[in-house]
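Q: Next comes data_39.txt, compact mmCIF, C-alpha atoms:
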```txt
# COMPACT_ATOMS: atom_id res chain seq x y z
CA MET L 5 37.57 -99.86 -19.07
CA ILE L 6 33.95 -99.12 -18.12
CA ILE L 7 30.45 -99.19 -19.48
CA GLY L 8 28.39 -96.08 -19.05
CA MET L 9 28.97 -92.69 -17.57
CA GLY L 10 27.99 -93.14 -13.94
CA VAL L 11 29.54 -93.27 -10.51
CA PRO L 12 30.86 -96.24 -8.51
CA ILE L 13 28.25 -98.49 -6.93
CA ALA L 14 30.04 -98.30 -3.59
CA SER L 15 32.45 -96.03 -1.83
CA THR L 16 35.14 -98.68 -1.96
CA ALA L 17 36.98 -99.47 -5.16
CA PRO L 18 35.46 -102.33 -7.17
CA ALA L 19 37.32 -105.57 -7.58
CA PRO L 20 39.66 -106.04 -10.54
CA GLY L 21 37.73 -106.71 -13.73
CA GLY L 22 34.45 -105.86 -12.05
CA GLU L 23 35.32 -102.17 -12.34
CA ARG L 24 34.34 -102.27 -16.00
CA LEU L 25 30.69 -102.71 -15.10
CA ALA L 26 30.61 -101.35 -11.57
CA MET L 27 30.67 -97.82 -12.96
CA VAL L 28 27.46 -98.32 -14.92
CA ASP L 29 24.82 -95.68 -14.35
CA ILE L 30 21.30 -97.13 -14.70
CA PRO L 31 18.82 -94.30 -14.08
CA ALA L 32 16.12 -95.00 -11.51
CA GLU L 33 13.44 -94.28 -14.12
CA THR L 34 14.74 -97.13 -16.24
CA ALA L 35 14.50 -99.51 -13.31
CA ARG L 36 10.92 -98.44 -12.55
CA VAL L 37 9.59 -99.16 -16.02
CA LEU L 38 10.85 -102.76 -16.11
CA GLN L 39 7.95 -105.18 -16.20
CA PRO L 40 7.32 -108.32 -14.05
CA MET L 41 8.00 -110.56 -17.06
CA PRO L 42 11.20 -108.95 -18.31
CA THR L 43 12.52 -109.04 -21.84
CA PRO L 44 16.17 -110.05 -22.39
CA GLU L 45 17.11 -106.38 -22.52
CA GLU L 46 15.31 -105.72 -19.26
CA LEU L 47 17.09 -108.64 -17.59
CA LEU L 48 20.40 -107.17 -18.74
CA LEU L 49 19.51 -103.78 -17.28
CA ARG L 50 18.29 -105.33 -14.05
CA SER L 51 21.59 -107.14 -13.70
CA LEU L 52 23.55 -103.93 -14.27
CA GLN L 53 21.26 -102.03 -11.88
CA SER L 54 21.85 -104.64 -9.19
CA LEU L 55 25.59 -104.57 -9.77
CA ARG L 56 25.61 -100.80 -9.48
CA ALA L 57 23.69 -101.09 -6.20
CA GLY L 58 26.29 -103.55 -4.89
CA ASN L 59 23.96 -106.56 -4.91
CA THR L 60 26.10 -109.03 -6.83
CA ASP L 61 23.92 -112.02 -5.91
CA LEU L 62 20.86 -110.45 -7.52
CA ALA L 63 22.94 -109.24 -10.47
CA LEU L 64 24.13 -112.81 -11.03
CA THR L 65 20.57 -114.16 -10.74
CA HIS L 66 19.34 -111.81 -13.45
CA VAL L 67 22.22 -112.44 -15.83
CA ASP L 68 22.05 -116.23 -15.35
CA ARG L 69 18.36 -116.12 -16.20
CA LEU L 70 19.22 -114.08 -19.26
CA ILE L 71 21.89 -116.50 -20.43
CA ASP L 72 19.49 -119.42 -19.93
CA GLN L 73 17.05 -117.66 -22.25
CA LYS L 74 19.58 -116.32 -24.76
CA PRO L 75 22.79 -118.36 -24.67
CA THR L 76 24.19 -116.58 -27.75
CA PHE L 77 23.91 -113.12 -26.12
CA ARG L 78 27.64 -112.42 -25.84
CA LEU L 79 27.20 -109.23 -23.85
CA ALA L 80 25.40 -111.19 -21.14
CA HIS L 81 28.44 -113.48 -20.78
CA LEU L 82 30.71 -110.44 -20.46
CA VAL L 83 28.48 -109.04 -17.72
CA ARG L 84 28.52 -112.38 -15.91
CA GLY L 85 32.31 -112.44 -16.07
CA ASP L 86 32.51 -109.00 -14.50
CA ILE L 87 30.06 -109.94 -11.77
CA LEU L 88 32.13 -113.00 -10.86
CA ALA L 89 35.27 -110.87 -10.88
CA SER L 90 33.61 -108.47 -8.45
CA VAL L 91 32.76 -111.35 -6.14
CA SER L 92 36.11 -113.16 -6.27
CA GLY L 93 38.44 -110.21 -6.56
CA ARG L 94 40.25 -111.98 -9.39
CA MET L 95 40.88 -110.82 -12.90
CA PRO L 96 38.56 -112.76 -15.28
CA SER L 97 40.12 -114.69 -18.14
CA ILE L 98 38.51 -112.43 -20.69
CA ILE L 99 40.58 -109.57 -19.31
CA GLU L 100 43.76 -111.60 -19.24
CA ALA L 101 43.30 -112.12 -22.99
CA ASP L 102 42.62 -108.40 -23.37
CA LYS L 103 44.80 -107.69 -26.42
CA LYS L 104 43.49 -110.56 -28.46
CA TYR L 105 39.85 -109.88 -27.69
CA ARG L 106 40.03 -106.11 -27.36
CA PRO L 107 37.86 -105.29 -30.43
CA ASP L 108 35.15 -107.73 -29.35
CA ILE L 109 35.16 -106.42 -25.80
CA ASP L 110 34.95 -102.82 -27.00
CA ASN L 111 31.98 -103.72 -29.21
CA MET L 112 30.15 -105.35 -26.32
CA ILE L 113 30.85 -102.38 -24.07
CA ALA L 114 29.51 -100.07 -26.79
CA GLU L 115 26.36 -102.19 -27.06
CA ALA L 116 25.77 -102.04 -23.32
CA ARG L 117 26.28 -98.29 -23.31
CA GLN L 118 23.80 -97.76 -26.15
CA ARG L 119 21.22 -100.03 -24.57
CA ILE L 120 21.49 -98.06 -21.34
CA ILE L 121 21.17 -94.74 -23.15
CA GLY L 122 18.31 -95.94 -25.33
CA THR L 123 16.22 -97.43 -22.55
CA SER L 124 16.88 -94.46 -20.26
CA PHE L 125 14.98 -92.29 -22.74
CA LYS L 126 11.34 -93.18 -22.17
CA PRO L 127 9.20 -90.60 -23.96
CA THR L 128 5.94 -89.72 -22.28
CA ASP L 129 3.46 -87.35 -23.93
CA THR L 130 6.01 -86.52 -26.62
CA VAL L 131 6.56 -87.72 -30.18
CA PRO L 132 9.28 -87.19 -32.79
CA ALA L 133 8.89 -83.74 -34.32
CA ALA L 134 9.21 -85.32 -37.76
CA LEU L 135 5.93 -87.26 -37.49
CA LEU L 136 3.62 -84.37 -38.35
CA GLN L 137 0.82 -86.20 -40.12
CA LEU L 138 0.39 -89.87 -40.94
CA ALA L 139 -1.61 -90.66 -44.06
CA ASP L 140 -4.61 -92.87 -43.38
CA HIS L 141 -2.99 -95.82 -45.18
CA HIS L 142 0.20 -95.51 -43.13
CA ARG L 143 -0.98 -97.84 -40.38
CA HIS L 144 2.46 -97.89 -38.78
CA VAL L 145 5.59 -95.76 -39.01
CA VAL L 146 9.15 -96.81 -38.21
CA PHE L 147 11.27 -94.07 -36.65
CA ILE L 148 15.00 -94.74 -36.13
CA ASP L 149 17.45 -92.67 -34.11
CA THR L 150 21.01 -93.70 -34.93
CA ASP L 151 22.42 -91.72 -31.99
CA LEU L 152 20.36 -93.79 -29.56
CA SER L 153 20.74 -97.06 -31.51
CA ARG L 154 16.98 -97.32 -31.24
CA LEU L 155 14.02 -98.15 -33.45
CA TYR L 156 10.62 -96.79 -32.44
CA LEU L 157 7.44 -98.27 -33.87
CA PHE L 158 4.39 -96.00 -34.00
CA ALA L 159 0.77 -96.85 -34.75
CA ASN L 160 -1.48 -94.45 -36.65
CA GLN L 161 -4.28 -93.19 -34.41
CA ASP L 162 -6.37 -90.94 -36.66
CA GLY L 163 -3.27 -89.36 -38.13
CA ILE L 164 -1.48 -89.04 -34.79
CA PRO L 165 1.50 -91.31 -33.96
CA GLU L 166 1.21 -93.51 -30.89
CA LEU L 167 4.31 -95.33 -29.63
CA VAL L 168 3.88 -99.11 -29.70
CA ALA L 169 7.39 -100.46 -29.02
CA ASP L 170 11.07 -99.64 -29.20
CA TYR L 171 14.09 -101.85 -29.86
CA TYR L 172 17.89 -101.74 -29.87
CA ILE L 173 19.39 -101.64 -33.37
CA SER L 174 22.75 -101.74 -35.14
CA VAL L 175 23.65 -99.32 -37.95
CA GLY L 176 26.56 -98.68 -40.31
CA LYS L 177 30.17 -99.35 -39.28
CA ASN L 178 31.00 -95.69 -39.98
CA GLY L 179 27.88 -94.23 -38.46
CA SER L 180 25.22 -92.28 -40.34
CA ARG L 181 24.84 -89.65 -43.10
CA LYS L 182 25.50 -91.88 -46.07
CA ARG L 183 26.91 -90.04 -49.08
CA ARG L 184 28.42 -92.59 -51.43
CA LYS L 185 28.49 -96.25 -52.31
CA GLY L 186 30.70 -98.31 -50.02
CA ASP L 187 31.06 -95.70 -47.25
CA LYS L 188 29.44 -98.15 -44.77
CA LYS L 189 27.15 -95.44 -43.41
CA THR L 190 23.42 -95.46 -42.77
CA PRO L 191 21.46 -92.80 -44.66
CA LEU L 192 19.35 -90.17 -42.90
CA GLY L 193 16.02 -89.22 -44.41
CA VAL L 194 12.43 -90.17 -45.15
CA TYR L 195 12.17 -93.55 -46.85
CA PHE L 196 9.55 -96.17 -47.61
CA VAL L 197 9.71 -99.96 -47.50
CA THR L 198 9.75 -101.31 -51.06
CA GLU L 199 9.38 -105.08 -50.55
CA ARG L 200 9.52 -107.98 -48.11
CA LEU L 201 12.36 -110.52 -48.54
CA ARG L 202 11.92 -113.92 -46.91
CA GLY L 203 14.71 -115.39 -44.83
CA GLU L 204 14.82 -118.62 -46.83
CA ASP L 205 15.74 -116.56 -49.90
CA LEU L 206 18.53 -114.65 -48.11
CA PRO L 207 22.02 -115.35 -46.78
CA ASP L 208 21.89 -116.25 -43.09
CA ARG L 209 23.49 -112.96 -41.99
CA TYR L 210 20.26 -111.07 -42.83
CA GLY L 211 18.12 -113.07 -40.45
CA PRO L 212 14.55 -114.32 -40.95
CA VAL L 213 13.21 -111.36 -42.97
CA ALA L 214 14.46 -108.17 -44.62
CA PHE L 215 12.80 -104.97 -45.80
CA PRO L 216 14.63 -102.86 -48.43
CA VAL L 217 13.91 -99.12 -48.42
CA ASN L 218 14.01 -96.68 -51.34
CA TYR L 219 17.48 -95.28 -50.78
CA PRO L 220 18.48 -93.20 -52.68
CA ASN L 221 15.25 -91.22 -52.56
CA GLU L 222 14.49 -88.08 -54.58
CA TRP L 223 16.43 -85.83 -52.21
CA ASP L 224 19.41 -88.18 -52.17
CA SER L 225 19.44 -88.32 -55.97
CA ARG L 226 19.32 -84.54 -56.19
CA HIS L 227 22.45 -84.42 -54.04
CA ARG L 228 24.14 -87.20 -56.06
CA ARG L 229 24.29 -89.61 -53.17
CA THR L 230 25.16 -93.07 -54.39
CA GLY L 231 24.81 -96.62 -53.19
CA SER L 232 21.88 -98.96 -52.72
CA GLY L 233 20.77 -102.01 -50.77
CA ILE L 234 19.78 -100.28 -47.53
CA TRP L 235 17.63 -102.76 -45.64
CA LEU L 236 15.95 -103.25 -42.33
CA HIS L 237 16.85 -106.84 -41.42
CA GLY L 238 17.76 -109.35 -38.70
CA VAL L 239 21.05 -110.94 -37.68
CA ALA L 240 22.83 -114.23 -38.31
CA SER L 241 21.27 -117.26 -36.62
CA LYS L 242 24.38 -117.90 -34.51
CA SER L 243 24.25 -114.38 -33.05
CA TYR L 244 21.83 -112.74 -30.66
CA SER L 245 22.71 -109.13 -31.46
CA ARG L 246 25.31 -106.99 -33.20
CA PRO L 247 27.38 -104.01 -31.98
CA PRO L 248 25.84 -100.54 -32.41
CA GLN L 249 27.91 -99.82 -35.53
CA ASP L 250 28.40 -103.08 -37.38
CA SER L 251 26.55 -103.13 -40.72
CA ASP L 252 27.47 -101.90 -44.18
CA GLY L 253 24.75 -99.25 -43.86
CA CYS L 254 21.64 -101.29 -43.09
CA VAL L 255 19.63 -101.26 -39.87
CA ALA L 256 19.77 -104.60 -38.02
CA LEU L 257 17.42 -105.82 -35.28
CA ILE L 258 17.53 -108.90 -33.11
CA ASN L 259 15.73 -111.67 -34.96
CA GLU L 260 12.86 -112.14 -32.53
CA GLU L 261 12.26 -108.38 -32.54
CA ILE L 262 12.20 -107.96 -36.31
CA MET L 263 9.71 -110.81 -36.38
CA LYS L 264 7.48 -108.79 -34.03
CA VAL L 265 7.73 -105.80 -36.35
CA SER L 266 7.40 -107.79 -39.58
CA PRO L 267 3.59 -108.27 -39.66
CA LEU L 268 3.10 -104.53 -39.25
CA ILE L 269 5.28 -103.47 -42.18
CA GLU L 270 3.54 -103.01 -45.53
CA PRO L 271 5.77 -102.82 -48.61
CA GLY L 272 4.99 -99.77 -50.73
CA ARG L 273 3.41 -97.97 -47.80
CA THR L 274 5.26 -98.10 -44.49
CA PRO L 275 7.48 -95.05 -43.92
CA VAL L 276 10.92 -95.48 -42.36
CA LEU L 277 12.34 -92.24 -41.00
CA ILE L 278 16.03 -92.41 -40.07
CA GLY L 279 17.47 -89.56 -38.01
CA SER L 280 20.29 -88.74 -35.64
CA GLY L 281 19.55 -87.05 -32.32
CA GLU L 282 16.07 -86.01 -33.44
CA ASP L 283 13.80 -83.70 -31.42
CA TRP L 284 10.72 -84.95 -29.59
CA ILE L 285 7.89 -82.48 -28.93
CA ASP L 286 4.55 -82.52 -27.12
CA TYR L 287 1.28 -83.04 -28.95
CA SER L 288 0.21 -79.39 -28.80
CA GLU L 289 3.39 -78.26 -30.55
CA LEU L 290 2.99 -81.09 -33.04
CA GLN L 291 -0.52 -79.80 -33.81
CA GLN L 292 0.77 -76.27 -34.36
CA ARG L 293 3.47 -77.41 -36.76
CA ARG L 294 1.05 -79.69 -38.58
CA ASP L 295 -1.48 -76.89 -39.01
CA GLU L 296 1.21 -74.58 -40.39
CA MET L 297 2.27 -77.12 -42.99
CA ARG L 298 -1.26 -78.10 -43.89
CA ALA L 299 -2.06 -74.44 -44.52
CA ALA L 300 0.91 -74.11 -46.88
CA VAL L 301 -0.12 -77.18 -48.88
CA GLU L 302 -3.75 -76.09 -49.01
CA GLN L 303 -2.80 -72.63 -50.26
CA TRP L 304 -0.71 -74.25 -53.00
CA ARG L 305 -3.70 -76.39 -54.00
CA MET L 306 -6.10 -73.44 -54.04
CA ASP L 307 -3.74 -71.24 -56.03
CA TRP L 308 -3.26 -73.99 -58.62
CA GLN L 309 -6.99 -74.50 -58.84
CA SER L 310 -7.61 -70.76 -59.17
CA GLY L 311 -5.89 -70.59 -62.54
CA ASP L 312 -3.66 -67.73 -61.38
CA VAL L 313 -0.36 -69.11 -62.58
CA ASP L 314 1.76 -66.46 -60.84
CA ARG L 315 0.20 -67.20 -57.46
CA TYR L 316 0.70 -70.90 -58.09
CA LEU L 317 4.35 -70.46 -59.06
CA SER L 318 5.02 -68.32 -55.98
CA HIS L 319 5.04 -71.59 -54.01
CA TYR L 320 8.21 -72.81 -55.78
CA ALA L 321 11.72 -71.96 -54.59
CA GLU L 322 14.38 -70.35 -56.77
CA ASP L 323 16.49 -73.51 -56.50
CA PHE L 324 13.57 -75.77 -57.42
CA GLN L 325 14.30 -78.95 -59.37
CA GLY L 326 11.65 -81.35 -60.57
CA ARG L 327 10.84 -83.59 -63.50
CA GLY L 328 14.15 -82.70 -65.09
CA MET L 329 13.52 -78.93 -64.92
CA ASP L 330 14.97 -76.04 -62.95
CA ILE L 331 12.79 -73.15 -61.81
CA ASP L 332 13.00 -71.22 -65.07
CA ALA L 333 12.03 -74.21 -67.18
CA TRP L 334 9.28 -75.09 -64.70
CA ARG L 335 7.78 -71.60 -64.88
CA ALA L 336 7.86 -71.60 -68.67
CA TYR L 337 6.26 -75.05 -68.79
CA LYS L 338 3.48 -74.17 -66.35
CA ARG L 339 2.70 -70.86 -68.06
CA ARG L 340 2.54 -72.55 -71.43
CA ILE L 341 0.05 -75.23 -70.42
CA ALA L 342 -2.00 -72.83 -68.24
CA LYS L 343 -3.08 -70.93 -71.36
CA HIS L 344 -5.22 -73.89 -72.39
CA LYS L 345 -6.71 -74.77 -69.00
CA LYS L 346 -10.21 -73.92 -67.78
CA ASP L 347 -12.36 -75.12 -64.92
CA VAL L 348 -9.43 -76.60 -63.01
CA SER L 349 -10.22 -78.77 -59.97
CA VAL L 350 -7.51 -80.19 -57.70
CA GLU L 351 -8.28 -82.49 -54.79
CA LEU L 352 -5.77 -84.13 -52.44
CA SER L 353 -6.18 -87.26 -50.33
CA HIS L 354 -4.03 -89.68 -48.31
CA VAL L 355 -1.78 -86.80 -47.25
CA SER L 356 1.32 -87.53 -45.16
CA ILE L 357 3.61 -84.84 -43.77
CA TYR L 358 7.03 -85.75 -42.37
CA GLY L 359 9.91 -83.61 -41.24
CA TYR L 360 13.11 -84.55 -43.04
CA PRO L 361 15.74 -85.80 -40.56
CA ASP L 362 19.10 -84.02 -40.70
CA GLU L 363 17.67 -81.17 -42.83
CA ARG L 364 16.76 -77.91 -41.15
CA ASP L 365 13.22 -76.71 -41.92
CA MET L 366 12.58 -79.40 -44.54
CA ILE L 367 9.23 -81.18 -44.89
CA VAL L 368 8.22 -84.08 -47.15
CA VAL L 369 4.60 -84.18 -48.27
CA THR L 370 3.16 -87.17 -50.14
CA PHE L 371 -0.42 -87.32 -51.41
CA ARG L 372 -2.78 -88.68 -54.01
CA GLN L 373 -3.90 -85.98 -56.40
CA HIS L 374 -7.11 -85.92 -58.44
CA TYR L 375 -6.95 -83.31 -61.21
CA GLU L 376 -9.70 -82.25 -63.58
CA SER L 377 -9.82 -79.53 -66.25
CA ASN L 378 -11.50 -78.85 -69.57
CA ASN L 379 -8.99 -81.01 -71.46
CA PHE L 380 -7.48 -83.45 -68.95
CA ASN L 381 -8.51 -85.65 -66.03
CA GLY L 382 -6.04 -87.71 -64.05
CA ASN L 383 -4.95 -89.25 -60.77
CA ALA L 384 -1.38 -89.36 -59.53
CA ARG L 385 0.65 -89.91 -56.38
CA LYS L 386 3.01 -87.00 -55.76
CA ARG L 387 5.83 -86.21 -53.38
CA GLN L 388 6.98 -82.68 -52.60
CA TYR L 389 9.94 -81.45 -50.57
CA TRP L 390 9.13 -78.12 -48.92
CA ARG L 391 11.70 -75.86 -47.25
CA LYS L 392 11.13 -72.74 -45.18
CA SER L 393 12.64 -69.71 -46.94
CA VAL L 394 14.42 -66.82 -45.25
CA ASP L 395 11.18 -64.80 -45.50
CA GLY L 396 9.43 -67.42 -43.36
CA ASN L 397 7.33 -68.88 -46.17
CA TRP L 398 7.34 -72.55 -47.13
CA ARG L 399 8.29 -73.25 -50.73
CA ILE L 400 8.68 -76.38 -52.84
CA VAL L 401 12.26 -77.31 -53.73
CA THR L 402 11.54 -80.70 -55.35
CA GLU L 403 8.38 -82.23 -56.79
CA THR L 404 8.05 -85.65 -58.35
CA THR L 405 5.63 -88.45 -59.12
CA ALA L 406 5.85 -91.00 -56.30
CA THR L 407 5.71 -94.73 -57.01
CA ILE L 408 5.48 -95.69 -53.31
CA GLY L 409 4.41 -94.05 -50.07
```
In structure tokens, how does this file's structure come out?
A:
Amino acid sequence: MIIGMGVPIASTAPAPGGERLAMVDIPAETARVLQPMPTPEELLLRSLQSLRAGNTDLALTHVDRLIDQKPTFRLAHLVRGDILASVSGRMPSIIEADKKYRPDIDNMIAEARQRIIGTSFKPTDTVPAALLQLADHHRHVVFIDTDLSRLYLFANQDGIPELVADYYISVGKNGSRKRRKGDKKTPLGVYFVTERLRGEDLPDRYGPVAFPVNYPNEWDSRHRRTGSGIWLHGVASKSYSRPPQDSDGCVALINEEIMKVSPLIEPGRTPVLIGSGEDWIDYSELQQRRDEMRAAVEQWRMDWQSGDVDRYLSHYAEDFQGRGMDIDAWRAYKRRIAKHKKDVSVELSHVSIYGYPDERDMIVVTFRQHYESNNFNGNARKRQYWRKSVDGNWRIVTETTATIG
């Protein structure tokens, strides 16, 4: 019964009960990045690092400090029990009541494991491959990796994402890849925050603030995914944290951490990308991918503006669906209205480009469009889902008017 995937902290066998935590593997890199004024999570990791090194006195000092700060942090109490078991050689009472408390213990072990994994991954000079281009009004982007039980907050630096902070999170009881209502899974995709819900207007279990996202989005609806009420929220006031898989599909943060994120989230604008085991790439590769996608969108714009309807329609996939039309209806519609258009001008602004988590070679582009012609002028916010075809060209598979983003 152990946390982590490491090796014993000493050549001798650990004491009964203490073996659960003595096998913890805290990478040296994780220990180096801990700051002089540690967060609760850092104190937890310092305690486990000290236990692994065989320094039970220091491990106990760190965990006692943690419990003083966060008395409702149940995992910290479990760690303290294991440390005392290592010192005394006795089986702690929590282990003696193993059968009764087995689910709770397993949940706490899972939380410790995910915190270790999440904090061991400290990206330097890399960013999620999905964050290709941030629109100028996307001042921050939330990126969630359900495999790591981690939320990453990025700031927009002239269209380039810059990591600001990362936090442990809890997701759906049955993991990710939501498909239907009630499956207790967290969806994967590109979403946007729709509103801010104040804690005083919510049941206590949602914490001090909650941010619903627009699940199901256009891609979910196309695939007939059902359900609703996917939120980014806190935890009950009597709890410090929740196990890695513990919600009905929402993403839950520790209350003090969601309050740090809260001022930076803008309903109607802030993107929330939820993935599972997503790739991180360096900035040069990000630039190459961004340029490729920008070129595809620009060619679409130019071909539409040119008045050559066949060139324009060549950017749409054979399985295209949009505005209630399939590709045949779309072609007929566009050819019909093109006969009456002259002097077409199309300009795009506020362009965002995000890779779609869990979809191979899928990109989501959102922009504001200003259109002028001889018989119509208009502004609209649009969202397009582009997919790379077998011939290597990017084509639009879904296009819709966007109300947020």
Q: Here's a test: counting only C-alpha atoms, identify every protein, DNA and RNA residue with an atom at most 10 Å from (4.4, -72.7, -56.0) in the file's coordinate frame, and state them as JSON, numbers by chain.
A: {"L": [300, 301, 303, 304, 305, 307, 308, 313, 314, 315, 316, 317, 318, 319, 320, 321, 324, 335, 398, 399, 400, 401]}
Q: Between atom CA of L:Asp170 and atom CA of L:Tyr389, what is the distance in Å, rounded to a tenth?
A: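 Taking atom CA of L:Asp170 and atom CA of L:Tyr389, their separation equals 28.1 Å.
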Q: For atom CA of L:Thr43 and atom CA of L:His142, determine how far apart the two atoms are, in Å to one decimal place.
A: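 So the answer is 28.1 Å.
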Q: Excluding L:Gly193 and residues on its chain fewer than 4 positions from it, collect all residues at most 12 Å away from it, counting all atoms listed in the file, and give them as a ChimeraX atom specification.
A: /L:134,146-150,180-183,217-224,275-280,282,358-364,366-368,389
Q: Find the distance between atom CA of L:Gly85 and atom CA of L:Ala63 and write it in Å to one decimal.
A: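 Rounded to one decimal, the two atoms are 11.4 Å apart.
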Q: Just checking: using only C-alpha atoms, which residue out of L:Met297, L:Ala114, L:Ala342, L:Ile285 ends up closest to L:Gln309?
A: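 When distances to L:Gln309 are compared using only C-alpha atoms, the smallest one comes from L:Ala342.
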Q: Enumerate, as a tab-separated table (two decimals) with C-alpha atoms, in the coordinates of the input, the protein, DNA and RNA residues whose atoms approach (-4.5, -89.5, -41.2) to within 8 Å, taking into account all atoms listed in the file and the coordinate frame of the file.
A:
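Done, and the output landed in out-v9.tsv:
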```tsv
chain	number	residue	atom	x	y	z
L	137	GLN	CA	0.82	-86.20	-40.12
L	138	LEU	CA	0.39	-89.87	-40.94
L	139	ALA	CA	-1.61	-90.66	-44.06
L	140	ASP	CA	-4.61	-92.87	-43.38
L	141	HIS	CA	-2.99	-95.82	-45.18
L	142	HIS	CA	0.20	-95.51	-43.13
L	160	ASN	CA	-1.48	-94.45	-36.65
L	161	GLN	CA	-4.28	-93.19	-34.41
L	162	ASP	CA	-6.37	-90.94	-36.66
L	163	GLY	CA	-3.27	-89.36	-38.13
L	164	ILE	CA	-1.48	-89.04	-34.79
L	354	HIS	CA	-4.03	-89.68	-48.31
L	355	VAL	CA	-1.78	-86.80	-47.25
L	356	SER	CA	1.32	-87.53	-45.16
```
Q: When you count only C-alpha atoms, which of these residues is closest to L:Leu236: L:Gln291, L:Gln249, L:Ser174, L:Asn59?
A: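 That would be L:Ser174, the residue with the smallest distance to L:Leu236.
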Q: Can you work out which one of L:Thr60, L:Phe158, L:Ser288, L:Asn379 has the shortest atom-to-atom distance to L:Lys343, counting only C-alpha atoms?
A: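 Of L:Thr60, L:Phe158, L:Ser288, L:Asn379, the one nearest L:Lys343 is L:Asn379, counting only C-alpha atoms.
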Q: Could you list, as a PyMOL selection string, every residue within 10 Å of L:Thr65, counting all atoms listed in the file and ignoring same-chain residues fewer than 3 positions away?
A: chain L and resi 47+50-51+54+60-62+68-70+84
Q: Please, could you write that set of residues out with C-alpha atoms as a compact mmCIF listing (two decimals), keeping the file's coordinate frame?
A:
```
# COMPACT_ATOMS: atom_id res chain seq x y z
CA LEU L 47 17.09 -108.64 -17.59
CA ARG L 50 18.29 -105.33 -14.05
CA SER L 51 21.59 -107.14 -13.70
CA SER L 54 21.85 -104.64 -9.19
CA THR L 60 26.10 -109.03 -6.83
CA ASP L 61 23.92 -112.02 -5.91
CA LEU L 62 20.86 -110.45 -7.52
CA ASP L 68 22.05 -116.23 -15.35
CA ARG L 69 18.36 -116.12 -16.20
CA LEU L 70 19.22 -114.08 -19.26
CA ARG L 84 28.52 -112.38 -15.91
```
Q: Pick from L:Asp252, L:Asp72, L:Glu296, L:Glu403: nearest to L:Arg387, with all atoms listed in the file counted?
A: L:Glu403
Q: With distances taken over only C-alpha atoms, which of L:Leu206, L:Gly272, L:Ile408, L:Ser266 is nearest to L:Ala240?
A: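 Counting only C-alpha atoms, the residue closest to L:Ala240 is L:Leu206.
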Q: Find the residues near L:Thr76: any atom within 12 Å, counting all atoms listed in the file, skip ones fewer than 3 places away on the same chain, and give them as a ChimeraX atom specification.
A: /L:44,70-73,79-82,239-246,258
Q: Draw an axis-aligned box tight on the listed atoms of stretch 375-386 of chain L, then pad every side by 8 Å and write out centre and edge lengths in Å to one decimal as JSON.
A:
```
{"center_x": -4.2, "center_y": -84.4, "center_z": -63.6, "size_x": 30.5, "size_y": 27.1, "size_z": 31.7}
```
